[in-house]
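Chemist: Just so it is clear, I am handing over data-v5.pdb, which has PDB, C-alpha atoms.
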```pdb
ATOM      1  CA  MET A   1     -11.619 -83.735  -4.389
ATOM      2  CA  LYS A   2     -12.427 -82.557  -7.873
ATOM      3  CA  ILE A   3     -12.317 -78.888  -8.787
ATOM      4  CA  CYS A   4     -15.926 -79.169  -9.952
ATOM      5  CA  ASN A   5     -16.920 -79.423  -6.323
ATOM      6  CA  TYR A   6     -15.547 -75.898  -5.737
ATOM      7  CA  LEU A   7     -17.152 -74.278  -8.762
ATOM      8  CA  PRO A   8     -20.350 -73.232  -7.025
ATOM      9  CA  TRP A   9     -18.176 -71.387  -4.489
ATOM     10  CA  LEU A  10     -15.545 -69.981  -6.793
ATOM     11  CA  ALA A  11     -17.843 -68.746  -9.562
ATOM     12  CA  PRO A  12     -19.575 -65.990  -7.558
ATOM     13  CA  ILE A  13     -16.224 -64.860  -6.155
ATOM     14  CA  PHE A  14     -14.761 -64.421  -9.635
ATOM     15  CA  ILE A  15     -17.917 -62.775 -10.914
ATOM     16  CA  GLY A  16     -17.869 -60.407  -7.912
ATOM     17  CA  LEU A  17     -14.234 -59.505  -8.416
ATOM     18  CA  PHE A  18     -14.868 -58.952 -12.125
ATOM     19  CA  LEU A  19     -17.774 -56.658 -11.335
ATOM     20  CA  ALA A  20     -15.676 -54.723  -8.804
ATOM     21  CA  ALA A  21     -12.806 -54.338 -11.249
ATOM     22  CA  SER A  22     -15.031 -53.343 -14.142
ATOM     23  CA  GLN A  23     -16.880 -50.861 -11.968
ATOM     24  CA  ALA A  24     -13.563 -49.292 -10.815
ATOM     25  CA  ASP A  25     -12.273 -49.071 -14.348
ATOM     26  CA  ALA A  26     -15.506 -47.521 -15.507
ATOM     27  CA  SER A  27     -14.869 -44.275 -13.656
ATOM     28  CA  ASP A  28     -11.397 -42.851 -13.832
ATOM     29  CA  LEU A  29     -10.660 -39.199 -13.071
ATOM     30  CA  ASN A  30      -7.646 -37.391 -14.453
ATOM     31  CA  LEU A  31      -6.341 -33.977 -13.392
ATOM     32  CA  THR A  32      -4.084 -31.982 -15.678
ATOM     33  CA  ILE A  33      -2.632 -28.767 -14.285
ATOM     34  CA  THR A  34      -0.769 -26.065 -16.192
ATOM     35  CA  ASN A  35      -0.127 -22.464 -15.254
ATOM     36  CA  GLU A  36      -0.117 -19.491 -17.581
ATOM     37  CA  ASP A  37       3.635 -19.920 -18.161
ATOM     38  CA  GLY A  38       3.156 -23.507 -19.261
ATOM     39  CA  PHE A  39       4.500 -25.086 -16.072
ATOM     40  CA  ARG A  40       2.738 -26.736 -13.156
ATOM     41  CA  ASP A  41       3.984 -24.741 -10.183
ATOM     42  CA  ILE A  42       2.538 -21.418  -9.078
ATOM     43  CA  ASP A  43       5.406 -18.942  -8.809
ATOM     44  CA  PHE A  44       4.643 -15.244  -8.380
ATOM     45  CA  GLY A  45       8.306 -14.292  -8.758
ATOM     46  CA  VAL A  46       9.578 -11.189  -6.951
ATOM     47  CA  VAL A  47       7.003  -9.123  -5.084
ATOM     48  CA  GLN A  48       7.433  -5.974  -2.998
ATOM     49  CA  SER A  49       6.309  -4.965   0.466
ATOM     50  CA  LEU A  50       8.169  -1.652   0.303
ATOM     51  CA  ASP A  51       9.388   0.282  -2.685
ATOM     52  CA  ASP A  52      12.636   2.157  -3.068
ATOM     53  CA  THR A  53      10.917   5.498  -2.470
ATOM     54  CA  GLY A  54       9.888   4.298   0.978
ATOM     55  CA  GLU A  55       6.200   4.014   0.215
ATOM     56  CA  VAL A  56       4.520   1.409   2.387
ATOM     57  CA  ARG A  57       1.279  -0.039   1.134
ATOM     58  CA  ALA A  58      -0.240  -3.438   0.535
ATOM     59  CA  ARG A  59       0.232  -4.698  -2.988
ATOM     60  CA  LYS A  60      -1.645  -7.417  -4.834
ATOM     61  CA  TYR A  61      -0.292  -9.970  -7.297
ATOM     62  CA  ARG A  62      -2.123 -12.594  -9.341
ATOM     63  CA  LYS A  63      -1.411 -15.944 -10.949
ATOM     64  CA  GLU A  64      -3.705 -18.269 -12.818
ATOM     65  CA  VAL A  65      -3.681 -22.032 -13.250
ATOM     66  CA  ARG A  66      -5.648 -24.135 -15.682
ATOM     67  CA  ILE A  67      -7.065 -27.417 -14.505
ATOM     68  CA  GLU A  68      -8.568 -29.934 -16.858
ATOM     69  CA  ILE A  69     -10.516 -32.835 -15.418
ATOM     70  CA  ASN A  70     -11.267 -35.823 -17.620
ATOM     71  CA  ASN A  71     -13.724 -38.375 -16.354
ATOM     72  CA  THR A  72     -14.018 -41.677 -18.167
ATOM     73  CA  GLY A  73     -16.984 -42.621 -16.025
ATOM     74  CA  SER A  74     -20.290 -41.003 -15.295
ATOM     75  CA  ASP A  75     -20.067 -40.445 -11.568
ATOM     76  CA  ARG A  76     -20.477 -36.980 -10.216
ATOM     77  CA  TYR A  77     -17.227 -35.657  -8.756
ATOM     78  CA  THR A  78     -15.874 -32.775  -6.754
ATOM     79  CA  LEU A  79     -12.654 -30.756  -7.044
ATOM     80  CA  TYR A  80     -11.074 -29.367  -3.946
ATOM     81  CA  GLN A  81      -7.846 -27.697  -2.926
ATOM     82  CA  GLN A  82      -5.945 -28.041   0.277
ATOM     83  CA  PHE A  83      -3.163 -25.750   1.459
ATOM     84  CA  ASN A  84      -0.878 -28.016   3.396
ATOM     85  CA  GLN A  85       0.602 -25.230   5.542
ATOM     86  CA  PRO A  86       0.712 -21.419   5.625
ATOM     87  CA  PRO A  87       3.454 -19.994   3.390
ATOM     88  CA  HIS A  88       6.659 -19.488   5.362
ATOM     89  CA  SER A  89       9.966 -17.983   4.368
ATOM     90  CA  ASP A  90      13.448 -19.416   4.381
ATOM     91  CA  GLY A  91      14.154 -17.006   7.263
ATOM     92  CA  GLY A  92      11.317 -18.457   9.337
ATOM     93  CA  PHE A  93       8.731 -15.708   8.785
ATOM     94  CA  ARG A  94       5.094 -16.590   8.192
ATOM     95  CA  TYR A  95       2.632 -15.166   5.728
ATOM     96  CA  PRO A  96      -1.042 -14.945   6.737
ATOM     97  CA  ILE A  97      -2.742 -17.644   4.685
ATOM     98  CA  ASP A  98      -6.071 -15.812   4.633
ATOM     99  CA  LEU A  99      -4.496 -13.122   2.440
ATOM    100  CA  ILE A 100      -4.513 -15.628  -0.423
ATOM    101  CA  LYS A 101      -7.768 -15.375  -2.380
ATOM    102  CA  THR A 102      -8.997 -18.075  -4.733
ATOM    103  CA  THR A 103     -11.411 -17.452  -7.581
ATOM    104  CA  LEU A 104     -12.577 -20.076 -10.056
ATOM    105  CA  ARG A 105     -13.849 -19.609 -13.566
ATOM    106  CA  VAL A 106     -15.418 -22.434 -15.566
ATOM    107  CA  GLU A 107     -14.197 -22.449 -19.125
ATOM    108  CA  SER A 108     -16.199 -25.379 -20.367
ATOM    109  CA  GLY A 109     -18.415 -27.786 -18.501
ATOM    110  CA  ILE A 110     -21.517 -27.728 -16.404
ATOM    111  CA  GLY A 111     -21.288 -27.801 -12.676
ATOM    112  CA  VAL A 112     -21.445 -25.751  -9.540
ATOM    113  CA  ASN A 113     -18.743 -23.118  -9.081
ATOM    114  CA  ARG A 114     -18.030 -22.845  -5.354
ATOM    115  CA  ALA A 115     -15.501 -20.042  -5.790
ATOM    116  CA  ILE A 116     -17.198 -17.705  -8.214
ATOM    117  CA  ASN A 117     -16.386 -14.921  -5.739
ATOM    118  CA  PRO A 118     -12.953 -14.780  -4.090
ATOM    119  CA  ILE A 119     -12.632 -17.073  -1.107
ATOM    120  CA  SER A 120      -9.893 -16.754   1.500
ATOM    121  CA  ALA A 121      -7.494 -19.660   1.710
ATOM    122  CA  ARG A 122      -7.356 -21.676   4.888
ATOM    123  CA  MET A 123      -5.911 -24.933   6.067
ATOM    124  CA  GLY A 124      -7.906 -28.035   5.187
ATOM    125  CA  ARG A 125     -10.088 -28.919   2.249
ATOM    126  CA  GLN A 126     -11.898 -26.254   0.283
ATOM    127  CA  GLU A 127     -14.338 -27.435  -2.339
ATOM    128  CA  LEU A 128     -14.014 -25.376  -5.500
ATOM    129  CA  TYR A 129     -16.198 -27.185  -8.022
ATOM    130  CA  LEU A 130     -18.944 -29.787  -8.098
ATOM    131  CA  SER A 131     -19.549 -31.467 -11.442
ATOM    132  CA  GLY A 132     -22.880 -32.038 -13.144
ATOM    133  CA  MET A 133     -24.860 -35.141 -12.231
ATOM    134  CA  THR A 134     -23.147 -37.277 -14.850
ATOM    135  CA  GLY A 135     -19.607 -36.102 -14.160
ATOM    136  CA  GLU A 136     -18.858 -34.298 -17.401
ATOM    137  CA  ASP A 137     -15.294 -33.238 -18.225
ATOM    138  CA  VAL A 138     -14.415 -29.701 -17.288
ATOM    139  CA  ILE A 139     -11.780 -27.033 -17.798
ATOM    140  CA  VAL A 140     -11.479 -24.456 -15.034
ATOM    141  CA  TYR A 141      -9.157 -21.527 -14.404
ATOM    142  CA  ILE A 142      -8.200 -20.759 -10.829
ATOM    143  CA  THR A 143      -6.849 -17.307 -10.033
ATOM    144  CA  TYR A 144      -4.764 -16.814  -6.923
ATOM    145  CA  GLU A 145      -4.391 -13.299  -5.624
ATOM    146  CA  ILE A 146      -1.875 -12.630  -2.873
ATOM    147  CA  GLU A 147      -1.824  -9.410  -0.920
ATOM    148  CA  ILE A 148       1.623  -8.516   0.383
ATOM    149  CA  PRO A 149       1.254  -6.385   3.517
ATOM    150  CA  GLY A 150       3.496  -3.334   3.837
ATOM    151  CA  LEU A 151       6.825  -4.307   5.409
ATOM    152  CA  GLN A 152       6.213  -8.058   5.108
ATOM    153  CA  GLU A 153       9.629  -9.531   5.890
ATOM    154  CA  SER A 154      11.744 -10.299   2.856
ATOM    155  CA  GLY A 155      12.534 -13.847   1.791
ATOM    156  CA  THR A 156      11.280 -16.702  -0.359
ATOM    157  CA  TYR A 157       7.918 -17.932   0.862
ATOM    158  CA  ASN A 158       6.777 -21.399   0.002
ATOM    159  CA  THR A 159       3.935 -23.824   0.545
ATOM    160  CA  ASN A 160       2.091 -26.312  -1.611
ATOM    161  CA  ILE A 161      -1.446 -27.043  -2.646
ATOM    162  CA  THR A 162      -3.001 -30.454  -3.061
ATOM    163  CA  TYR A 163      -5.715 -30.630  -5.714
ATOM    164  CA  LYS A 164      -7.990 -33.613  -5.629
ATOM    165  CA  ALA A 165     -10.787 -34.641  -7.972
ATOM    166  CA  GLN A 166     -12.906 -37.334  -6.381
ATOM    167  CA  SER A 167     -16.068 -39.045  -7.431
ATOM    168  CA  ILE A 168     -18.938 -38.918  -4.972
TER
ATOM    169  CA  MET B   1     -30.188 -72.515   1.666
ATOM    170  CA  LYS B   2     -26.634 -72.287   2.918
ATOM    171  CA  LYS B   3     -25.351 -71.920  -0.674
ATOM    172  CA  ILE B   4     -27.819 -69.153  -1.476
ATOM    173  CA  SER B   5     -26.800 -67.104   1.543
ATOM    174  CA  MET B   6     -23.138 -67.612   0.622
ATOM    175  CA  TYR B   7     -23.836 -66.352  -2.950
ATOM    176  CA  PHE B   8     -25.585 -63.350  -1.527
ATOM    177  CA  CYS B   9     -22.644 -62.571   0.779
ATOM    178  CA  VAL B  10     -20.097 -62.759  -2.024
ATOM    179  CA  PHE B  11     -22.138 -60.561  -4.385
ATOM    180  CA  TYR B  12     -22.809 -58.123  -1.594
ATOM    181  CA  LEU B  13     -19.083 -57.907  -0.815
ATOM    182  CA  ALA B  14     -18.302 -57.426  -4.490
ATOM    183  CA  TRP B  15     -20.907 -54.676  -4.766
ATOM    184  CA  ILE B  16     -19.603 -52.941  -1.634
ATOM    185  CA  SER B  17     -16.022 -53.073  -2.924
ATOM    186  CA  SER B  18     -17.088 -51.680  -6.300
ATOM    187  CA  CYS B  19     -18.912 -48.826  -4.599
ATOM    188  CA  SER B  20     -16.031 -47.981  -2.293
ATOM    189  CA  ALA B  21     -13.529 -47.872  -5.185
ATOM    190  CA  ALA B  22     -14.332 -44.158  -5.764
ATOM    191  CA  ALA B  23     -12.327 -42.700  -8.609
ATOM    192  CA  SER B  24      -9.942 -39.913  -7.703
ATOM    193  CA  ASP B  25      -6.823 -38.141  -8.859
ATOM    194  CA  THR B  26      -4.471 -35.991  -6.813
ATOM    195  CA  GLU B  27      -1.846 -33.447  -7.812
ATOM    196  CA  ILE B  28       0.458 -31.411  -5.601
ATOM    197  CA  VAL B  29       1.689 -28.015  -6.808
ATOM    198  CA  ASP B  30       4.304 -25.710  -5.274
ATOM    199  CA  PHE B  31       3.176 -22.187  -4.365
ATOM    200  CA  THR B  32       6.003 -19.644  -4.134
ATOM    201  CA  PHE B  33       6.704 -15.912  -3.987
ATOM    202  CA  LYS B  34       9.798 -13.908  -3.139
ATOM    203  CA  VAL B  35       9.499 -10.685  -1.147
ATOM    204  CA  LYS B  36      12.235  -8.294  -2.210
ATOM    205  CA  PRO B  37      14.497  -6.982   0.570
ATOM    206  CA  GLU B  38      14.406  -3.205   0.927
ATOM    207  CA  THR B  39      15.753  -0.678   3.419
ATOM    208  CA  VAL B  40      14.850   2.933   2.849
ATOM    209  CA  ILE B  41      15.891   6.027   4.814
ATOM    210  CA  SER B  42      13.913   9.268   4.721
ATOM    211  CA  LEU B  43      14.876  12.650   6.180
ATOM    212  CA  PHE B  44      12.498  15.398   7.172
ATOM    213  CA  GLY B  45      13.915  18.766   8.169
ATOM    214  CA  ASP B  46      12.138  22.045   8.612
ATOM    215  CA  GLN B  47      12.942  22.773   4.973
ATOM    216  CA  GLY B  48      12.788  19.306   3.524
ATOM    217  CA  LYS B  49      16.201  17.764   3.279
ATOM    218  CA  THR B  50      17.889  21.102   3.898
ATOM    219  CA  PHE B  51      17.939  22.402   7.406
ATOM    220  CA  LEU B  52      18.903  25.804   8.591
ATOM    221  CA  ILE B  53      20.209  26.965  11.935
ATOM    222  CA  GLU B  54      19.813  30.681  12.404
ATOM    223  CA  ALA B  55      21.921  32.537  14.905
ATOM    224  CA  ASP B  56      21.842  36.040  13.528
ATOM    225  CA  GLU B  57      20.885  37.974  16.616
ATOM    226  CA  ASP B  58      22.371  36.073  19.475
ATOM    227  CA  LEU B  59      25.783  34.557  19.120
ATOM    228  CA  ASN B  60      25.772  33.269  22.687
ATOM    229  CA  GLY B  61      24.521  29.828  23.618
ATOM    230  CA  PHE B  62      23.456  27.044  21.292
ATOM    231  CA  HIS B  63      20.952  27.238  18.501
ATOM    232  CA  SER B  64      19.472  24.062  17.170
ATOM    233  CA  SER B  65      17.649  22.414  14.357
ATOM    234  CA  VAL B  66      16.083  18.979  14.317
ATOM    235  CA  LEU B  67      16.117  16.444  11.536
ATOM    236  CA  GLU B  68      13.616  13.589  11.704
ATOM    237  CA  ILE B  69      14.918  10.307  10.412
ATOM    238  CA  ASN B  70      12.710   7.451   9.408
ATOM    239  CA  VAL B  71      14.044   4.054   8.376
ATOM    240  CA  LEU B  72      11.815   1.398   6.873
ATOM    241  CA  SER B  73      13.201  -2.071   6.474
ATOM    242  CA  ASN B  74      11.766  -5.494   5.725
ATOM    243  CA  THR B  75      15.016  -7.449   5.790
ATOM    244  CA  GLY B  76      14.757  -8.658   9.372
ATOM    245  CA  ARG B  77      18.473  -7.948   9.731
ATOM    246  CA  PRO B  78      20.213  -5.423  11.994
ATOM    247  CA  TYR B  79      21.770  -2.298  10.572
ATOM    248  CA  THR B  80      23.585   0.846  11.658
ATOM    249  CA  ILE B  81      23.147   4.390  10.428
ATOM    250  CA  VAL B  82      26.343   6.158   9.502
ATOM    251  CA  HIS B  83      26.644   9.935   9.569
ATOM    252  CA  ASN B  84      29.214  11.453   7.272
ATOM    253  CA  MET B  85      29.993  15.161   7.224
ATOM    254  CA  ALA B  86      32.554  15.519   4.497
ATOM    255  CA  SER B  87      33.834  18.944   5.484
ATOM    256  CA  GLU B  88      33.354  21.567   8.138
ATOM    257  CA  PRO B  89      30.611  24.108   7.447
ATOM    258  CA  THR B  90      32.197  27.149   5.870
ATOM    259  CA  ASN B  91      31.049  30.533   4.691
ATOM    260  CA  GLY B  92      31.891  32.045   1.345
ATOM    261  CA  SER B  93      35.124  33.501   2.737
ATOM    262  CA  GLY B  94      36.450  30.154   3.891
ATOM    263  CA  ASP B  95      35.807  30.667   7.596
ATOM    264  CA  SER B  96      34.574  27.477   9.256
ATOM    265  CA  ILE B  97      32.695  26.170  12.263
ATOM    266  CA  PHE B  98      34.381  23.301  14.000
ATOM    267  CA  GLY B  99      34.884  21.453  17.264
ATOM    268  CA  ASP B 100      32.503  22.337  20.093
ATOM    269  CA  GLN B 101      30.806  24.963  17.947
ATOM    270  CA  LEU B 102      28.874  22.236  16.120
ATOM    271  CA  MET B 103      27.463  19.295  18.059
ATOM    272  CA  PHE B 104      24.802  16.693  17.478
ATOM    273  CA  GLN B 105      22.658  14.363  19.537
ATOM    274  CA  ILE B 106      19.892  11.819  18.986
ATOM    275  CA  ASN B 107      17.049  13.398  20.848
ATOM    276  CA  ASP B 108      14.326  10.808  20.725
ATOM    277  CA  SER B 109      13.973   7.370  19.268
ATOM    278  CA  SER B 110      11.393   4.697  18.638
ATOM    279  CA  GLN B 111      12.894   2.695  21.536
ATOM    280  CA  LYS B 112      13.546  -0.232  19.231
ATOM    281  CA  GLY B 113      17.114   0.689  18.415
ATOM    282  CA  GLN B 114      20.005   2.259  20.261
ATOM    283  CA  SER B 115      21.351   5.792  20.014
ATOM    284  CA  LEU B 116      25.135   5.998  19.892
ATOM    285  CA  ILE B 117      25.109   9.770  20.564
ATOM    286  CA  SER B 118      22.728  10.242  23.454
ATOM    287  CA  ASP B 119      24.657  13.277  24.755
ATOM    288  CA  PRO B 120      25.668  16.348  22.743
ATOM    289  CA  THR B 121      28.824  15.352  20.862
ATOM    290  CA  PRO B 122      31.048  17.385  18.521
ATOM    291  CA  VAL B 123      30.233  16.438  14.944
ATOM    292  CA  PRO B 124      33.239  14.591  13.551
ATOM    293  CA  LEU B 125      34.322  14.740   9.940
ATOM    294  CA  GLY B 126      34.018  11.473   8.060
ATOM    295  CA  PRO B 127      31.858   8.394   8.673
ATOM    296  CA  THR B 128      30.561   7.915  12.222
ATOM    297  CA  LYS B 129      27.992   5.430  13.452
ATOM    298  CA  ILE B 130      25.195   7.219  15.219
ATOM    299  CA  TYR B 131      22.440   4.612  15.557
ATOM    300  CA  LYS B 132      22.145   0.875  15.886
ATOM    301  CA  SER B 133      18.882  -0.875  15.019
ATOM    302  CA  HIS B 134      17.138  -3.615  16.926
ATOM    303  CA  GLN B 135      18.829  -6.993  16.615
ATOM    304  CA  ARG B 136      16.081  -8.107  14.227
ATOM    305  CA  GLY B 137      16.191  -4.943  12.164
ATOM    306  CA  GLY B 138      12.783  -3.509  11.451
ATOM    307  CA  SER B 139      11.799   0.114  11.151
ATOM    308  CA  SER B 140      13.257   2.975  13.188
ATOM    309  CA  TRP B 141      12.391   6.568  13.815
ATOM    310  CA  PHE B 142      14.408   9.179  15.684
ATOM    311  CA  GLN B 143      15.295  12.860  15.821
ATOM    312  CA  LEU B 144      18.803  14.035  15.106
ATOM    313  CA  LYS B 145      19.444  17.393  16.707
ATOM    314  CA  TYR B 146      22.271  19.705  15.561
ATOM    315  CA  LEU B 147      23.498  22.393  17.929
ATOM    316  CA  VAL B 148      25.496  25.403  16.800
ATOM    317  CA  SER B 149      27.228  27.894  19.038
ATOM    318  CA  GLY B 150      27.992  31.315  17.700
ATOM    319  CA  GLU B 151      30.666  31.930  20.322
ATOM    320  CA  GLY B 152      34.040  32.466  18.784
ATOM    321  CA  LEU B 153      32.639  33.274  15.365
ATOM    322  CA  TYR B 154      34.173  36.433  14.041
ATOM    323  CA  TYR B 155      32.444  36.472  10.709
ATOM    324  CA  PRO B 156      28.675  36.340  10.402
ATOM    325  CA  GLY B 157      27.209  34.755   7.303
ATOM    326  CA  ARG B 158      25.822  31.584   5.910
ATOM    327  CA  TYR B 159      27.852  28.521   6.790
ATOM    328  CA  SER B 160      27.035  25.346   4.966
ATOM    329  CA  SER B 161      28.124  21.778   4.476
ATOM    330  CA  TYR B 162      26.737  18.433   3.311
ATOM    331  CA  VAL B 163      25.851  15.418   5.359
ATOM    332  CA  ASP B 164      25.298  11.880   4.091
ATOM    333  CA  LEU B 165      23.312   9.387   6.105
ATOM    334  CA  THR B 166      23.732   5.816   4.981
ATOM    335  CA  ILE B 167      22.573   2.437   6.177
ATOM    336  CA  GLU B 168      25.058  -0.336   6.693
ATOM    337  CA  ASN B 169      24.053  -3.924   7.343
ATOM    338  CA  MET B 170      25.602  -5.404  10.444
TER
END
```
How does the structure come out when it is put into structure tokens?
Modeler:
Amino acid sequence: MKICNYLPWLAPIFIGLFLAASQADASDLNLTITNEDGFRDIDFGVVQSLDDTGEVRARKYRKEVRIEINNTGSDRYTLYQQFNQPPHSDGGFRYPIDLIKTTLRVESGIGVNRAINPISARMGRQELYLSGMTGEDVIVYITYEIEIPGLQESGTYNTNITYKAQSI
Amino acid sequence: MKKISMYFCVFYLAWISSCSAAASDTEIVDFTFKVKPETVISLFGDQGKTFLIEADEDLNGFHSSVLEINVLSNTGRPYTIVHNMASEPTNGSGDSIFGDQLMFQINDSSQKGQSLISDPTPVPLGPTKIYKSHQRGGSSWFQLKYLVSGEGLYYPGRYSSYVDLTIENM
């Protein structure tokens, strides 16, 4: 059999694959995350739940991260965060995840800010930003405020956040 | 006709695959804070940190004064409270109160810890453990009662001494 006999079959397959590949390449999203100290991770350092004078009161601490989203395509996209577990200490103590508040500020870009007012963290996806209709690039600043309850057990508390930008 | 439907299927599949190839990017960031360990002891007497036992009129029987002790701790670790009277209470002339004339007792507690002086006990000189916290530490509150007997005192006057209360991790 000559290869010419297969051409009518093969041609649309190649054209289809080419279209799929070119379409995928056309929209590429890139997240760049830096915190105010120039690193990626969000580290509040040492916080207090009791001071050396014996005063017990809740204290608040803040950290800010900068997220830049570059979109080579024109699809609308969404940015969400996901806490993968509540913060827990090396000694096995838990920190109430809803005491973490997230606020988002749009530095440049047009879109819908879903966290213009502080929202309490929870497990699962939380949409923070929805781009304009044509998926313009954006720079946002996310502020995390943690409230340390009086007498929260000492220790190093850790969790992680997944950020995802996804076209819709 | 067969060829046309095959073309349609292939293009349709290609279109579906292009649509489902939604662009995305994911980053994972650590989120950390360190809560500083603190244990703080506070004393409340009838005159702040100074307490006074008056036995001017009646030298018979015991006269008492109560010191409230409050411990706040976020370490989650057990501790003991150590009482240290460095010297016997003396008056200006060098006369002292000692032995059964000066006793102490933990009168009431927050039930979380354990009193080591539940009954009236002569106050010893030097470090003595008087209270043991809960196994997981935490905060404690109790009353430390001092009892003074005037019996056997030949010289009236103001007798005084210093007491240190310290926290030791177990």
Chemist: The ChimeraX specification (/B :<6) & /A - which residues does that actually catch in the file I just gave you? List them as an mmCIF file with C-alpha atoms, keeping the file's coordinate frame.
Modeler:
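In the end it all went to expr_23.cif:
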```
data_model
loop_
_atom_site.group_PDB
_atom_site.id
_atom_site.type_symbol
_atom_site.label_atom_id
_atom_site.label_comp_id
_atom_site.auth_asym_id
_atom_site.auth_seq_id
_atom_site.Cartn_x
_atom_site.Cartn_y
_atom_site.Cartn_z
ATOM 1 C CA GLY A 16 -17.869 -60.407 -7.912
ATOM 2 C CA ALA A 20 -15.676 -54.723 -8.804
ATOM 3 C CA GLN A 23 -16.880 -50.861 -11.968
ATOM 4 C CA ALA A 24 -13.563 -49.292 -10.815
ATOM 5 C CA SER A 27 -14.869 -44.275 -13.656
ATOM 6 C CA ASP A 28 -11.397 -42.851 -13.832
ATOM 7 C CA LEU A 29 -10.660 -39.199 -13.071
ATOM 8 C CA ASN A 30 -7.646 -37.391 -14.453
ATOM 9 C CA ASP A 41 3.984 -24.741 -10.183
ATOM 10 C CA ILE A 42 2.538 -21.418 -9.078
ATOM 11 C CA ASP A 43 5.406 -18.942 -8.809
ATOM 12 C CA PHE A 44 4.643 -15.244 -8.380
ATOM 13 C CA GLY A 45 8.306 -14.292 -8.758
ATOM 14 C CA VAL A 46 9.578 -11.189 -6.951
ATOM 15 C CA VAL A 47 7.003 -9.123 -5.084
ATOM 16 C CA GLN A 48 7.433 -5.974 -2.998
ATOM 17 C CA GLY A 54 9.888 4.298 0.978
ATOM 18 C CA LEU A 151 6.825 -4.307 5.409
ATOM 19 C CA GLU A 153 9.629 -9.531 5.890
ATOM 20 C CA SER A 154 11.744 -10.299 2.856
ATOM 21 C CA GLY A 155 12.534 -13.847 1.791
ATOM 22 C CA THR A 156 11.280 -16.702 -0.359
ATOM 23 C CA TYR A 157 7.918 -17.932 0.862
ATOM 24 C CA ASN A 158 6.777 -21.399 0.002
ATOM 25 C CA THR A 159 3.935 -23.824 0.545
ATOM 26 C CA ASN A 160 2.091 -26.312 -1.611
ATOM 27 C CA ILE A 161 -1.446 -27.043 -2.646
ATOM 28 C CA THR A 162 -3.001 -30.454 -3.061
ATOM 29 C CA TYR A 163 -5.715 -30.630 -5.714
ATOM 30 C CA LYS A 164 -7.990 -33.613 -5.629
ATOM 31 C CA ALA A 165 -10.787 -34.641 -7.972
ATOM 32 C CA GLN A 166 -12.906 -37.334 -6.381
ATOM 33 C CA SER A 167 -16.068 -39.045 -7.431
#
```
Chemist: Using all atoms listed in the file, give me every residue within 10 Å of (33.0, 33.3, 11.8) in file coordinates, as a list of chain:residue names.
Modeler: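 Protein and nucleic acid residues near the point are B:Thr90, B:Asn91, B:Ser93, B:Gly94, B:Asp95, B:Ser96, B:Ile97, B:Gly150, B:Glu151, B:Gly152, B:Leu153, B:Tyr154, B:Tyr155, B:Pro156, B:Gly157, B:Arg158, B:Tyr159.
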Chemist: Just the residues within 12 Å of segment 124-138 of chain A, please, counting only C-alpha atoms, with nothing from its chain fewer than 4 positions along; format it as a ChimeraX atom specification.
Modeler: /A:27-32,66-86,97,101-120,142-143,161-168 /B:23
Chemist: Kindly export the residues of the current selection with C-alpha atoms, as a compact mmCIF listing (two decimals), in the frame of the given file.
Modeler:
```txt
# COMPACT_ATOMS: atom_id res chain seq x y z
CA SER A 27 -14.87 -44.28 -13.66
CA ASP A 28 -11.40 -42.85 -13.83
CA LEU A 29 -10.66 -39.20 -13.07
CA ASN A 30 -7.65 -37.39 -14.45
CA LEU A 31 -6.34 -33.98 -13.39
CA THR A 32 -4.08 -31.98 -15.68
CA ARG A 66 -5.65 -24.14 -15.68
CA ILE A 67 -7.06 -27.42 -14.50
CA GLU A 68 -8.57 -29.93 -16.86
CA ILE A 69 -10.52 -32.84 -15.42
CA ASN A 70 -11.27 -35.82 -17.62
CA ASN A 71 -13.72 -38.38 -16.35
CA THR A 72 -14.02 -41.68 -18.17
CA GLY A 73 -16.98 -42.62 -16.02
CA SER A 74 -20.29 -41.00 -15.30
CA ASP A 75 -20.07 -40.44 -11.57
CA ARG A 76 -20.48 -36.98 -10.22
CA TYR A 77 -17.23 -35.66 -8.76
CA THR A 78 -15.87 -32.78 -6.75
CA LEU A 79 -12.65 -30.76 -7.04
CA TYR A 80 -11.07 -29.37 -3.95
CA GLN A 81 -7.85 -27.70 -2.93
CA GLN A 82 -5.94 -28.04 0.28
CA PHE A 83 -3.16 -25.75 1.46
CA ASN A 84 -0.88 -28.02 3.40
CA GLN A 85 0.60 -25.23 5.54
CA PRO A 86 0.71 -21.42 5.62
CA ILE A 97 -2.74 -17.64 4.68
CA LYS A 101 -7.77 -15.38 -2.38
CA THR A 102 -9.00 -18.08 -4.73
CA THR A 103 -11.41 -17.45 -7.58
CA LEU A 104 -12.58 -20.08 -10.06
CA ARG A 105 -13.85 -19.61 -13.57
CA VAL A 106 -15.42 -22.43 -15.57
CA GLU A 107 -14.20 -22.45 -19.12
CA SER A 108 -16.20 -25.38 -20.37
CA GLY A 109 -18.42 -27.79 -18.50
CA ILE A 110 -21.52 -27.73 -16.40
CA GLY A 111 -21.29 -27.80 -12.68
CA VAL A 112 -21.44 -25.75 -9.54
CA ASN A 113 -18.74 -23.12 -9.08
CA ARG A 114 -18.03 -22.84 -5.35
CA ALA A 115 -15.50 -20.04 -5.79
CA ILE A 116 -17.20 -17.70 -8.21
CA ASN A 117 -16.39 -14.92 -5.74
CA PRO A 118 -12.95 -14.78 -4.09
CA ILE A 119 -12.63 -17.07 -1.11
CA SER A 120 -9.89 -16.75 1.50
CA ILE A 142 -8.20 -20.76 -10.83
CA THR A 143 -6.85 -17.31 -10.03
CA ILE A 161 -1.45 -27.04 -2.65
CA THR A 162 -3.00 -30.45 -3.06
CA TYR A 163 -5.72 -30.63 -5.71
CA LYS A 164 -7.99 -33.61 -5.63
CA ALA A 165 -10.79 -34.64 -7.97
CA GLN A 166 -12.91 -37.33 -6.38
CA SER A 167 -16.07 -39.04 -7.43
CA ILE A 168 -18.94 -38.92 -4.97
CA ALA B 23 -12.33 -42.70 -8.61
```
